[in-house]
file upload-v1.txt (compact mmCIF, C-alpha atoms)
# COMPACT_ATOMS: atom_id res chain seq x y z
CA GLN I 150 81.32 117.73 104.04
CA GLN I 151 80.52 119.25 100.65
CA LYS I 152 76.89 118.18 100.98
CA ILE I 153 76.55 119.66 104.50
CA PHE I 154 78.20 122.90 103.33
CA LYS I 155 75.97 123.15 100.24
CA ALA I 156 72.80 122.46 102.23
CA GLY I 157 73.73 124.83 105.06
CA ASP I 158 74.99 127.82 103.05
CA THR I 159 71.54 129.33 102.52
CA ASN I 160 72.70 132.83 101.51
CA GLN I 161 75.18 131.36 98.95
CA ASP I 162 78.11 133.51 100.15
CA GLY I 163 80.57 130.61 100.06
CA GLN I 164 80.79 130.49 103.86
CA LEU I 165 78.97 128.51 106.54
CA ASP I 166 78.40 130.71 109.60
CA PHE I 167 77.15 129.53 113.02
CA GLU I 168 73.50 130.50 112.41
CA GLU I 169 73.41 128.67 109.08
CA PHE I 170 75.06 125.60 110.65
CA MET I 171 72.52 125.56 113.50
CA GLN I 172 69.66 125.85 110.99
CA TYR I 173 71.12 122.98 108.95
CA LEU I 174 71.26 120.79 112.10
CA LYS I 175 67.63 121.60 112.94
CA ASP I 176 66.40 120.84 109.40
CA HIS I 177 68.50 117.68 109.16
CA GLU I 178 67.25 116.49 112.56
CA LYS I 179 63.64 116.77 111.34
CA LYS I 180 64.43 114.64 108.30
CA MET I 181 66.28 112.07 110.43
CA LYS I 182 63.27 111.95 112.79
CA LEU I 183 61.04 111.06 109.80
CA ALA I 184 63.51 108.36 108.71
CA PHE I 185 63.56 106.99 112.29
CA LYS I 186 59.75 106.89 112.43
CA SER I 187 59.55 105.13 109.06
CA LEU I 188 61.70 102.32 110.52
CA ASP I 189 59.96 102.21 113.90
CA LYS I 190 56.98 100.19 112.69
CA ASN I 191 55.38 99.53 116.09
CA ASN I 192 55.93 103.13 117.32
CA ASP I 193 57.62 102.08 120.58
CA GLY I 194 60.46 104.58 120.18
CA LYS I 195 63.03 101.87 119.39
CA ILE I 196 64.23 100.22 116.20
CA GLU I 197 64.62 96.44 116.36
CA ALA I 198 66.22 93.98 113.95
CA SER I 199 62.84 92.71 112.69
CA GLU I 200 61.82 96.29 111.80
CA VAL I 201 65.06 96.79 109.81
CA VAL I 202 64.37 93.54 107.89
CA GLN I 203 60.79 94.65 107.17
CA SER I 204 61.78 98.15 106.02
CA LEU I 205 64.59 96.96 103.73
CA LYS I 206 62.28 94.31 102.22
CA ILE I 207 59.87 97.10 101.19
CA LEU I 208 62.85 98.78 99.46
CA GLY I 209 63.66 95.58 97.57
CA ILE I 210 66.60 94.47 99.74
CA SER I 211 66.39 91.09 101.51
CA ILE I 212 68.54 90.49 104.61
CA SER I 213 68.26 88.08 107.54
CA GLU I 214 67.58 89.17 111.15
CA LYS I 215 71.14 88.22 112.03
CA GLN I 216 72.44 90.62 109.37
CA ALA I 217 70.03 93.32 110.59
CA GLU I 218 71.47 92.88 114.10
CA LYS I 219 74.94 93.56 112.66
CA ILE I 220 73.66 96.84 111.20
CA LEU I 221 72.07 97.79 114.53
CA GLN I 222 75.31 96.94 116.38
CA SER I 223 77.13 99.67 114.45
CA ILE I 224 74.56 102.27 115.68
CA ASP I 225 73.70 100.81 119.12
CA ALA I 226 75.75 102.68 121.74
CA ASP I 227 74.38 101.06 124.94
CA GLY I 228 74.43 97.39 123.84
CA THR I 229 70.67 96.81 124.13
CA MET I 230 70.42 95.50 120.50
CA THR I 231 67.80 98.19 119.85
CA VAL I 232 68.36 101.74 118.65
CA ASP I 233 66.53 104.63 120.28
CA TRP I 234 66.14 108.14 118.89
CA ASN I 235 69.23 109.54 120.67
CA GLU I 236 71.50 106.78 119.29
CA TRP I 237 70.02 107.20 115.80
CA ARG I 238 70.46 110.99 115.86
CA ASP I 239 74.04 110.82 117.18
CA HIS I 240 75.04 108.27 114.52
CA PHE I 241 73.55 110.14 111.54
CA MET I 242 73.83 113.78 112.66
CA PHE I 243 76.77 114.50 110.38
CA ASN I 244 75.73 112.08 107.66
CA PRO I 245 73.87 114.15 105.02
CA ALA I 246 71.53 111.21 104.23
CA THR I 247 67.95 112.43 104.64
CA ASP I 248 65.92 109.23 104.43
CA ILE I 249 66.26 105.46 104.75
CA GLU I 250 66.74 105.00 100.96
CA GLU I 251 69.84 107.22 101.07
CA ILE I 252 71.16 105.57 104.24
CA ILE I 253 71.28 102.17 102.49
CA ARG I 254 72.53 103.59 99.18
CA TYR I 255 76.13 102.61 99.80
CA TRP I 256 75.02 98.98 99.42
CA LYS I 257 73.43 99.67 96.04
CA HIS I 258 74.62 97.34 93.32
CA SER I 259 76.50 99.89 91.23
CA THR I 260 77.26 99.28 87.56
CA VAL I 261 80.04 101.85 87.38
CA LEU I 262 82.53 98.99 86.97
CA ASP I 263 82.89 98.62 83.22
CA ILE I 264 84.24 95.24 82.17
CA GLY I 265 83.45 95.78 78.50
CA ASP I 266 80.21 93.82 78.69
CA SER I 267 76.92 95.35 77.61
CA LEU I 268 74.61 93.27 79.77
CA THR I 269 74.91 95.15 83.08
CA VAL I 270 71.89 96.19 85.16
CA PRO I 271 71.09 99.94 84.93
CA ASP I 272 71.98 102.31 87.76
CA GLU I 273 69.33 103.79 90.02
CA PHE I 274 69.23 107.38 91.23
CA THR I 275 67.46 109.04 94.15
CA GLU I 276 64.86 111.78 93.61
CA GLU I 277 67.39 114.31 94.92
CA GLU I 278 70.00 113.22 92.33
CA LYS I 279 67.39 113.55 89.58
CA LYS I 280 66.32 117.03 90.71
CA THR I 281 69.86 118.38 91.13
CA GLY I 282 71.08 116.92 87.82
CA GLN I 283 73.65 114.71 89.53
CA TRP I 284 72.29 111.67 87.65
CA TRP I 285 73.57 112.83 84.24
CA LYS I 286 76.95 113.77 85.75
CA GLN I 287 77.23 110.27 87.21
CA LEU I 288 76.24 108.73 83.87
CA LEU I 289 78.77 110.96 82.08
CA ALA I 290 81.51 110.01 84.57
CA GLY I 291 80.62 106.33 84.11
CA GLY I 292 80.63 106.69 80.32
CA VAL I 293 84.08 108.30 80.24
CA ALA I 294 85.39 105.66 82.68
CA GLY I 295 83.98 102.94 80.41
CA ALA I 296 85.58 104.47 77.31
CA VAL I 297 89.04 104.68 78.94
CA SER I 298 88.68 101.20 80.45
CA ARG I 299 87.62 99.58 77.15
CA THR I 300 90.44 101.32 75.28
CA GLY I 301 92.98 100.14 77.85
CA THR I 302 91.85 96.52 77.59
CA ALA I 303 90.96 96.53 73.85
CA PRO I 304 93.83 94.18 72.79
CA LEU I 305 92.50 91.48 75.15
CA ASP I 306 88.95 92.10 73.94
CA ARG I 307 89.98 91.71 70.28
CA LEU I 308 91.94 88.56 71.15
CA LYS I 309 88.80 87.14 72.82
CA VAL I 310 86.74 87.79 69.64
CA MET I 311 89.44 86.24 67.42
CA MET I 312 89.56 83.12 69.61
CA GLN I 313 85.75 82.88 69.67
CA VAL I 314 85.56 83.04 65.85
CA HIS I 315 88.75 81.27 64.72
CA GLY I 316 89.72 79.10 67.71
CA SER I 317 88.86 75.42 67.31
CA LYS I 318 90.43 71.97 67.66
CA SER I 319 91.94 72.28 64.18
CA ASN I 320 93.17 75.83 64.80
CA LYS I 321 94.55 75.82 68.34
CA MET I 322 94.80 79.57 68.88
CA ASN I 323 95.96 80.43 72.39
CA ILE I 324 96.80 83.79 73.99
CA ALA I 325 100.43 83.92 72.82
CA SER I 326 99.78 82.67 69.26
CA GLY I 327 96.72 84.93 68.96
CA PHE I 328 98.71 88.06 69.81
CA LYS I 329 101.52 86.98 67.42
CA GLN I 330 99.01 86.43 64.61
CA MET I 331 97.36 89.84 65.14
CA LEU I 332 100.73 91.66 65.30
CA LYS I 333 102.06 89.85 62.22
CA GLU I 334 98.91 90.55 60.21
CA GLY I 335 98.36 94.22 61.10
CA GLY I 336 101.01 95.54 63.50
CA VAL I 337 100.47 97.12 66.93
CA ARG I 338 97.61 99.36 65.76
CA SER I 339 95.56 96.32 64.78
CA LEU I 340 95.26 95.34 68.46
CA TRP I 341 92.74 98.19 68.84
CA ARG I 342 90.68 97.27 65.74
CA GLY I 343 86.95 97.54 66.55
CA ASN I 344 87.56 99.59 69.71
CA GLY I 345 86.19 102.78 68.12
CA VAL I 346 82.70 101.29 67.76
CA ASN I 347 82.96 99.72 71.23
CA VAL I 348 83.54 103.19 72.73
CA VAL I 349 81.04 105.08 70.55
CA LYS I 350 78.16 102.75 71.51
CA ILE I 351 78.56 103.50 75.27
CA ALA I 352 76.69 106.84 75.10
CA PRO I 353 73.51 105.78 73.24
CA GLU I 354 73.33 102.46 75.09
CA THR I 355 73.65 104.09 78.54
CA ALA I 356 71.08 106.79 77.71
CA ILE I 357 68.51 104.33 76.30
CA LYS I 358 69.05 101.86 79.17
CA PHE I 359 68.57 104.58 81.82
CA TRP I 360 65.45 106.00 80.13
CA ALA I 361 63.93 102.52 79.55
CA TYR I 362 64.66 101.44 83.14
CA GLU I 363 62.77 104.45 84.53
CA GLN I 364 59.77 103.70 82.23
CA TYR I 365 59.65 99.97 83.09
CA LYS I 366 59.92 100.78 86.81
CA LYS I 367 56.86 103.06 86.53
CA ILE I 368 54.87 100.29 84.81
CA LEU I 369 55.88 97.61 87.35
CA THR I 370 55.63 99.69 90.55
CA LYS I 371 53.20 98.19 93.06
CA ASP I 372 50.11 99.99 94.42
CA ASP I 373 52.03 101.09 97.53
CA GLY I 374 54.59 102.84 95.32
CA LYS I 375 57.39 100.41 96.24
CA LEU I 376 59.50 98.33 93.89
CA GLY I 377 60.55 94.82 94.97
CA THR I 378 63.66 92.83 93.97
CA VAL I 379 61.80 90.87 91.26
CA GLU I 380 60.37 94.06 89.74
CA ARG I 381 63.84 95.66 89.71
CA PHE I 382 65.32 92.59 88.02
CA VAL I 383 62.55 92.49 85.38
CA SER I 384 62.82 96.26 84.80
CA GLY I 385 66.61 96.00 84.47
CA SER I 386 66.46 93.03 82.09
CA LEU I 387 63.82 94.70 79.88
CA ALA I 388 65.83 97.97 79.87
CA GLY I 389 68.95 96.03 78.86
CA ALA I 390 67.02 94.28 76.07
CA THR I 391 65.60 97.61 74.82
CA ALA I 392 69.05 99.25 74.75
CA GLN I 393 70.62 96.22 73.06
CA THR I 394 67.91 96.17 70.38
CA SER I 395 68.57 99.84 69.62
CA ILE I 396 72.35 99.65 69.33
CA TYR I 397 72.74 96.04 68.15
CA PRO I 398 73.98 96.93 64.62
CA MET I 399 76.99 98.57 66.31
CA GLU I 400 77.72 95.25 68.07
CA VAL I 401 77.85 93.55 64.67
CA LEU I 402 80.15 96.28 63.32
CA LYS I 403 82.50 95.88 66.29
CA THR I 404 82.79 92.11 65.69
CA ARG I 405 83.28 92.46 61.93
CA LEU I 406 86.01 95.10 62.41
CA ALA I 407 87.72 92.97 65.10
CA VAL I 408 87.92 89.86 62.88
CA GLY I 409 88.58 91.84 59.68
CA LYS I 410 91.94 91.81 57.90
CA THR I 411 94.14 94.87 57.40
CA GLY I 412 92.72 97.08 54.62
CA GLN I 413 89.41 95.20 54.48
CA TYR I 414 87.53 98.18 55.97
CA SER I 415 88.65 101.81 56.18
CA GLY I 416 86.44 102.44 59.22
CA MET I 417 83.05 101.74 60.79
CA PHE I 418 81.08 103.57 58.07
CA ASP I 419 82.89 101.72 55.30
CA CYS I 420 82.24 98.44 57.14
CA ALA I 421 78.51 99.27 57.49
CA LYS I 422 78.28 100.19 53.78
CA LYS I 423 79.92 96.94 52.65
CA ILE I 424 77.75 94.75 54.93
CA LEU I 425 74.59 96.51 53.70
CA LYS I 426 75.59 96.10 50.05
CA ARG I 427 76.59 92.42 50.26
CA GLU I 428 74.22 91.01 52.91
CA GLY I 429 71.38 93.47 53.39
CA VAL I 430 69.80 94.94 56.55
CA LYS I 431 69.23 91.50 58.16
CA ALA I 432 73.00 91.10 58.62
CA PHE I 433 72.97 93.86 61.26
CA TYR I 434 70.84 91.65 63.54
CA LYS I 435 72.74 88.35 63.21
CA GLY I 436 73.19 86.77 66.64
CA TYR I 437 70.47 89.00 68.13
CA ILE I 438 68.51 86.15 69.79
CA PRO I 439 71.44 84.59 71.76
CA ASN I 440 72.49 88.13 72.74
CA ILE I 441 69.06 88.95 74.22
CA LEU I 442 68.81 85.51 75.87
CA GLY I 443 72.21 86.14 77.51
CA ILE I 444 70.90 89.18 79.42
CA ILE I 445 68.75 87.09 81.80
CA PRO I 446 71.43 84.66 83.13
CA TYR I 447 73.98 87.49 83.24
CA ALA I 448 71.82 89.98 85.19
CA GLY I 449 70.21 87.29 87.38
CA ILE I 450 73.46 85.65 88.48
CA ASP I 451 75.26 89.02 88.77
CA LEU I 452 72.61 90.33 91.20
CA ALA I 453 72.22 87.02 93.08
CA VAL I 454 75.97 86.60 93.69
CA TYR I 455 76.25 90.25 94.75
CA GLU I 456 73.44 89.74 97.31
CA VAL I 457 75.14 86.58 98.69
CA LEU I 458 78.52 88.34 99.01
CA LYS I 459 76.89 91.38 100.64
CA SER I 460 75.00 89.17 103.11
CA THR I 461 78.16 87.19 103.95
CA TRP I 462 80.10 90.39 104.64
CA LEU I 463 77.33 91.80 106.87
CA GLU I 464 77.09 88.51 108.76
CA HIS I 465 80.78 87.90 109.41
CA TYR I 466 82.66 91.19 109.18
CA ALA I 467 80.27 94.09 109.95
CA SER I 468 81.23 94.51 113.60
CA SER I 469 81.85 98.24 114.02
CA SER I 470 80.07 99.56 110.92
CA ALA I 471 77.58 98.41 108.32
CA ASN I 472 79.47 100.44 105.68
CA PRO I 473 81.61 97.96 103.73
CA GLY I 474 84.10 100.43 102.26
CA VAL I 475 85.23 100.79 98.68
CA PHE I 476 87.44 97.68 98.40
CA VAL I 477 84.71 95.33 99.63
CA LEU I 478 82.22 96.84 97.18
CA LEU I 479 84.74 96.64 94.31
CA GLY I 480 85.46 93.01 95.19
CA CYS I 481 81.76 92.10 95.39
CA GLY I 482 81.02 93.86 92.08
CA THR I 483 83.95 92.25 90.28
CA VAL I 484 83.18 88.71 91.48
CA SER I 485 79.43 88.99 90.76
CA SER I 486 80.03 90.42 87.25
CA THR I 487 82.55 87.68 86.50
CA CYS I 488 80.07 84.98 87.60
CA GLY I 489 77.42 86.60 85.38
CA GLN I 490 79.82 86.51 82.44
CA LEU I 491 80.68 82.87 83.09
CA ALA I 492 76.98 81.92 82.99
CA SER I 493 76.19 83.82 79.79
CA TYR I 494 79.49 83.14 77.96
CA PRO I 495 78.29 80.28 75.69
CA LEU I 496 75.49 82.53 74.39
CA ALA I 497 77.99 85.37 73.90
CA LEU I 498 80.27 83.05 71.91
CA ILE I 499 77.40 81.87 69.67
CA ARG I 500 76.33 85.51 69.14
CA THR I 501 79.88 86.47 68.06
CA ARG I 502 80.18 83.46 65.72
CA MET I 503 76.82 84.31 64.10
CA GLN I 504 77.86 87.95 63.67
CA ALA I 505 81.13 86.93 61.99
CA GLN I 506 79.98 83.88 59.96
CA ALA I 507 79.60 85.71 56.66
CA SER I 508 83.11 87.20 56.85
CA VAL I 509 84.82 83.83 57.51
CA GLU I 510 85.61 82.05 54.25
CA GLY I 511 84.05 78.61 53.89
CA ALA I 512 82.04 78.89 57.13
CA PRO I 513 78.49 77.48 56.91
CA GLN I 514 75.70 80.02 57.69
CA LEU I 515 74.04 78.37 60.68
CA ASN I 516 71.32 79.55 63.04
CA MET I 517 71.67 79.60 66.84
CA VAL I 518 70.61 75.95 67.42
CA GLY I 519 72.62 74.65 64.45
CA LEU I 520 75.74 76.48 65.55
CA PHE I 521 75.36 75.24 69.13
CA GLN I 522 75.02 71.63 67.92
CA ARG I 523 78.01 71.99 65.58
CA ILE I 524 80.27 73.41 68.33
CA ILE I 525 79.30 70.59 70.74
CA ALA I 526 79.82 67.92 68.03
CA VAL I 527 83.17 69.24 66.75
CA GLU I 528 84.75 70.87 69.82
CA GLY I 529 82.80 69.55 72.82
CA ILE I 530 81.64 71.61 75.82
CA ARG I 531 85.04 73.35 75.97
CA GLY I 532 84.31 74.83 72.56
CA LEU I 533 81.55 76.99 74.11
CA TYR I 534 84.18 78.67 76.29
CA ARG I 535 86.78 79.55 73.62
CA GLY I 536 88.37 82.92 74.42
CA ILE I 537 87.28 82.97 78.06
CA ALA I 538 90.90 83.27 79.31
CA PRO I 539 91.59 86.73 77.77
CA ASN I 540 88.04 87.69 78.78
CA PHE I 541 88.85 87.00 82.46
CA MET I 542 92.33 88.52 82.12
CA LYS I 543 90.78 91.88 81.25
CA VAL I 544 88.35 91.98 84.22
CA LEU I 545 90.79 93.20 86.89
CA PRO I 546 92.50 95.92 84.79
CA ALA I 547 89.10 96.99 83.39
CA VAL I 548 87.57 97.33 86.87
CA SER I 549 90.63 99.16 88.22
CA ILE I 550 90.83 101.61 85.31
CA SER I 551 87.08 102.33 85.25
CA TYR I 552 86.95 102.92 89.03
CA VAL I 553 89.94 105.31 89.11
CA VAL I 554 88.72 107.29 86.07
CA TYR I 555 85.16 107.38 87.47
CA GLU I 556 86.36 108.86 90.78
CA LYS I 557 88.54 111.46 88.97
CA MET I 558 85.63 112.40 86.68
CA LYS I 559 83.31 112.78 89.70
CA GLN I 560 85.81 115.17 91.28
CA ASN I 561 86.07 117.22 88.06
CA LEU I 562 82.27 117.37 87.74
CA GLY I 563 81.86 118.38 91.40
CA ILE I 564 79.96 115.28 92.56
CA ALA I 565 82.72 113.47 94.47
call {"tool": "encode", "arguments": {"input": "upload-v1.txt", "output": "structure tokens"}}
result
Amino acid sequence: QQKIFKAGDTNQDGQLDFEEFMQYLKDHEKKMKLAFKSLDKNNDGKIEASEVVQSLKILGISISEKQAEKILQSIDADGTMTVDWNEWRDHFMFNPATDIEEIIRYWKHSTVLDIGDSLTVPDEFTEEEKKTGQWWKQLLAGGVAGAVSRTGTAPLDRLKVMMQVHGSKSNKMNIASGFKQMLKEGGVRSLWRGNGVNVVKIAPETAIKFWAYEQYKKILTKDDGKLGTVERFVSGSLAGATAQTSIYPMEVLKTRLAVGKTGQYSGMFDCAKKILKREGVKAFYKGYIPNILGIIPYAGIDLAVYEVLKSTWLEHYASSSANPGVFVLLGCGTVSSTCGQLASYPLALIRTRMQAQASVEGAPQLNMVGLFQRIIAVEGIRGLYRGIAPNFMKVLPAVSISYVVYEKMKQNLGIA
């Protein structure tokens, strides 16, 4: 409604009169006609399932003909399993989407859901969102949502780090004993130790990731100007690696503060100063290789699982509409992110151990391979998944908090 009103109110008087509304409908109909023609590949005046499959493939989205038929069913009024211009116009007349990219945008794999992990795939924005400045408002809303979400689940995040670093067969730290230990050592405030850095790094990481993603997309775009699924995945992974390289010292600071004892550091700057003095610049990149390696399984499995869940929903449940609704999208995003985390967790654990090695008394300074071999030898395969319980416990509250805050922020910024 807001979008129709904004587009139709040409004289900017805050009202939409009949003439303006009629002009909006005429202009919108022209755009919808272009979108219809872009789908109607054989120019027979009807859109068929095979044409939907072909068009979405060009946009980097792979679906089967059966799934395309489900989409057509939600638009097809006369039951012919094809969509003519009248059916198309009637279905989208009051939908402010102006082209096929916008029509399928509600199935975009959004990374608004912040589960405290830095390996997510960057968000994509339409040309209209870039021109109107909506992209930075969405990034800002996502950043604030991430900050609130991470702060709300910080005790579980610190517990995860403590179990990754200190949990072993000889020191059987579980959720209850871990919380008791943290409370006994530093009180309630200590549960949020390291959260400051975790929140501060959201802004530079998001900005760098978004900028890098746009640059890599330009480099990898095909001759026809289209970007396929593989190119998007490669662009996203490279953008994630670029952002991680830039802010990685903050990751090390977060880990050191989380495992530090009360009074050891007065804050992030004091922590940085002490690390630099005792261990040198190299210390700020400990665990960098397993961290970068973790991006590929995380992003790959996250996207693959999301596509499978999306396809399953379209195939079995999309009877009256191809729009899945917010709860389906939240569910798909949560499950796919969790699967991505599960795949990359051993690398995340090794990264955290390498970051914290120097601050743990008596711990040998091992490289990635040496640490991996030691964990397998001493603790077995289970040792690579220490701390995964609190990690999974924080997923649902993190997703819920970030989604609610994101929606509220969008309303306050006028982009809801």
call {"tool": "closest_atom_pairs", "arguments": {"input": "upload-v1.txt", "of": "region 282-387 of chain I", "to": "region 535-544 of chain I", "cutoff": "12 Å", "atoms": "all atoms listed in the file", "output": "CSV"}}
result
residue,atom,partner,partner_atom,distance
I:Ser298,CA,I:Lys543,CA,9.6
I:Arg299,CA,I:Lys543,CA,9.3
I:Thr300,CA,I:Lys543,CA,11.2
I:Gly301,CA,I:Lys543,CA,9.2
I:Thr302,CA,I:Lys543,CA,6.0
I:Ala303,CA,I:Lys543,CA,8.7
I:Pro304,CA,I:Pro539,CA,9.2
I:Leu305,CA,I:Pro539,CA,5.5
I:Asp306,CA,I:Asn540,CA,6.6
I:Arg307,CA,I:Pro539,CA,9.1
I:Leu308,CA,I:Pro539,CA,6.9
I:Lys309,CA,I:Gly536,CA,4.5
I:Val310,CA,I:Gly536,CA,7.0
I:Met311,CA,I:Gly536,CA,7.8
I:Met312,CA,I:Gly536,CA,5.0
I:Gln313,CA,I:Arg535,CA,5.3
I:Val314,CA,I:Arg535,CA,8.6
I:His315,CA,I:Arg535,CA,9.3
I:Gly316,CA,I:Arg535,CA,6.6
I:Ser317,CA,I:Arg535,CA,7.8
I:Lys318,CA,I:Arg535,CA,10.3
I:Asn320,CA,I:Arg535,CA,11.5
I:Lys321,CA,I:Arg535,CA,10.1
I:Met322,CA,I:Gly536,CA,9.1
I:Asn323,CA,I:Gly536,CA,8.2
I:Ile324,CA,I:Pro539,CA,7.1
I:Ala325,CA,I:Pro539,CA,10.5
I:Gly327,CA,I:Gly536,CA,10.2
I:Phe328,CA,I:Pro539,CA,10.8
call {"tool": "closest_residue", "arguments": {"input": "upload-v1.txt", "among": "I:Pro398, I:Gly412, I:Gly385, I:Gly335", "to": "Phe359 (chain I)", "atoms": "only C-alpha atoms"}}
result
I:Gly385
call {"tool": "residues_near_point", "arguments": {"input": "upload-v1.txt", "point": "(91.6, 99.9, 93.8)", "cutoff": "12 Å", "atoms": "only C-alpha atoms", "output": "PyMOL selection string"}}
result
chain I and resi 262+474-480+483+545-556
call {"tool": "residues_around", "arguments": {"input": "upload-v1.txt", "residues": "Lys559 (chain I)", "least_positions_apart": "3", "cutoff": "9 Å", "atoms": "all atoms listed in the file", "output": "ChimeraX atom specification"}}
result
/I:286-287,290-291,554-556,562-565
call {"tool": "write_last_selection", "arguments": {"input": "upload-v1.txt", "atoms": "C-alpha atoms", "output": "PDB file, in the coordinates of the input"}}
result
ATOM      1  CA  LYS I 286      76.950 113.770  85.750  1.00  0.00           C
ATOM      2  CA  GLN I 287      77.230 110.270  87.210  1.00  0.00           C
ATOM      3  CA  ALA I 290      81.510 110.010  84.570  1.00  0.00           C
ATOM      4  CA  GLY I 291      80.620 106.330  84.110  1.00  0.00           C
ATOM      5  CA  VAL I 554      88.720 107.290  86.070  1.00  0.00           C
ATOM      6  CA  TYR I 555      85.160 107.380  87.470  1.00  0.00           C
ATOM      7  CA  GLU I 556      86.360 108.860  90.780  1.00  0.00           C
ATOM      8  CA  LEU I 562      82.270 117.370  87.740  1.00  0.00           C
ATOM      9  CA  GLY I 563      81.860 118.380  91.400  1.00  0.00           C
ATOM     10  CA  ILE I 564      79.960 115.280  92.560  1.00  0.00           C
ATOM     11  CA  ALA I 565      82.720 113.470  94.470  1.00  0.00           C
TER      12      ALA I 565
END
call {"tool": "residues_around", "arguments": {"input": "upload-v1.txt", "residues": "Glu200 (chain I)", "least_positions_apart": "3", "cutoff": "8 Å", "atoms": "only C-alpha atoms", "output": "mmCIF file with C-alpha atoms, in the coordinates of the input"}}
result
data_model
loop_
_atom_site.group_PDB
_atom_site.id
_atom_site.type_symbol
_atom_site.label_atom_id
_atom_site.label_comp_id
_atom_site.auth_asym_id
_atom_site.auth_seq_id
_atom_site.Cartn_x
_atom_site.Cartn_y
_atom_site.Cartn_z
ATOM 1 C CA LEU I 188 61.700 102.320 110.520
ATOM 2 C CA ASP I 189 59.960 102.210 113.900
ATOM 3 C CA LYS I 190 56.980 100.190 112.690
ATOM 4 C CA ILE I 196 64.230 100.220 116.200
ATOM 5 C CA GLU I 197 64.620 96.440 116.360
ATOM 6 C CA GLN I 203 60.790 94.650 107.170
ATOM 7 C CA SER I 204 61.780 98.150 106.020
#
call {"tool": "atom_distance", "arguments": {"input": "upload-v1.txt", "atom1": "CA of Ala217 (chain I)", "atom2": "CA of Glu464 (chain I)"}}
result
8.7 Å
call {"tool": "atom_distance", "arguments": {"input": "upload-v1.txt", "atom1": "CA of Thr501 (chain I)", "atom2": "CA of Thr404 (chain I)"}}
result
6.8 Å
call {"tool": "build_atoms", "arguments": {"input": "upload-v1.txt", "residues": "region 305-309 of chain I", "atoms": "all heavy atoms", "output": "compact mmCIF listing (two decimals), keeping the file's coordinate frame"}}
result
# COMPACT_ATOMS: atom_id res chain seq x y z
N LEU I 305 93.02 92.73 74.59
CA LEU I 305 92.50 91.48 75.15
C LEU I 305 91.09 91.20 74.64
O LEU I 305 90.72 90.05 74.40
CB LEU I 305 92.48 91.55 76.68
CG LEU I 305 93.84 91.39 77.38
CD1 LEU I 305 93.77 91.81 78.84
CD2 LEU I 305 94.35 89.95 77.27
N ASP I 306 90.31 92.26 74.44
CA ASP I 306 88.95 92.10 73.94
C ASP I 306 88.98 91.60 72.50
O ASP I 306 88.21 90.71 72.12
CB ASP I 306 88.19 93.43 74.02
CG ASP I 306 86.70 93.24 73.88
OD1 ASP I 306 86.12 92.46 74.65
OD2 ASP I 306 86.10 93.85 72.97
N ARG I 307 89.88 92.17 71.68
CA ARG I 307 89.98 91.71 70.28
C ARG I 307 90.47 90.26 70.22
O ARG I 307 89.99 89.46 69.42
CB ARG I 307 90.92 92.61 69.47
CG ARG I 307 90.85 92.22 68.00
CD ARG I 307 91.70 92.97 67.05
NE ARG I 307 91.53 92.35 65.74
CZ ARG I 307 92.49 92.18 64.85
NH1 ARG I 307 93.71 92.61 65.09
NH2 ARG I 307 92.24 91.59 63.70
N LEU I 308 91.43 89.93 71.10
CA LEU I 308 91.94 88.56 71.15
C LEU I 308 90.81 87.59 71.49
O LEU I 308 90.70 86.51 70.90
CB LEU I 308 93.06 88.45 72.18
CG LEU I 308 93.65 87.05 72.41
CD1 LEU I 308 94.31 86.53 71.14
CD2 LEU I 308 94.65 87.05 73.56
N LYS I 309 89.95 87.98 72.44
CA LYS I 309 88.80 87.14 72.82
C LYS I 309 87.92 86.88 71.60
O LYS I 309 87.53 85.73 71.33
CB LYS I 309 87.98 87.84 73.91
CG LYS I 309 86.70 87.11 74.30
CD LYS I 309 85.77 87.97 75.12
CE LYS I 309 85.00 88.95 74.27
NZ LYS I 309 83.97 89.69 75.01
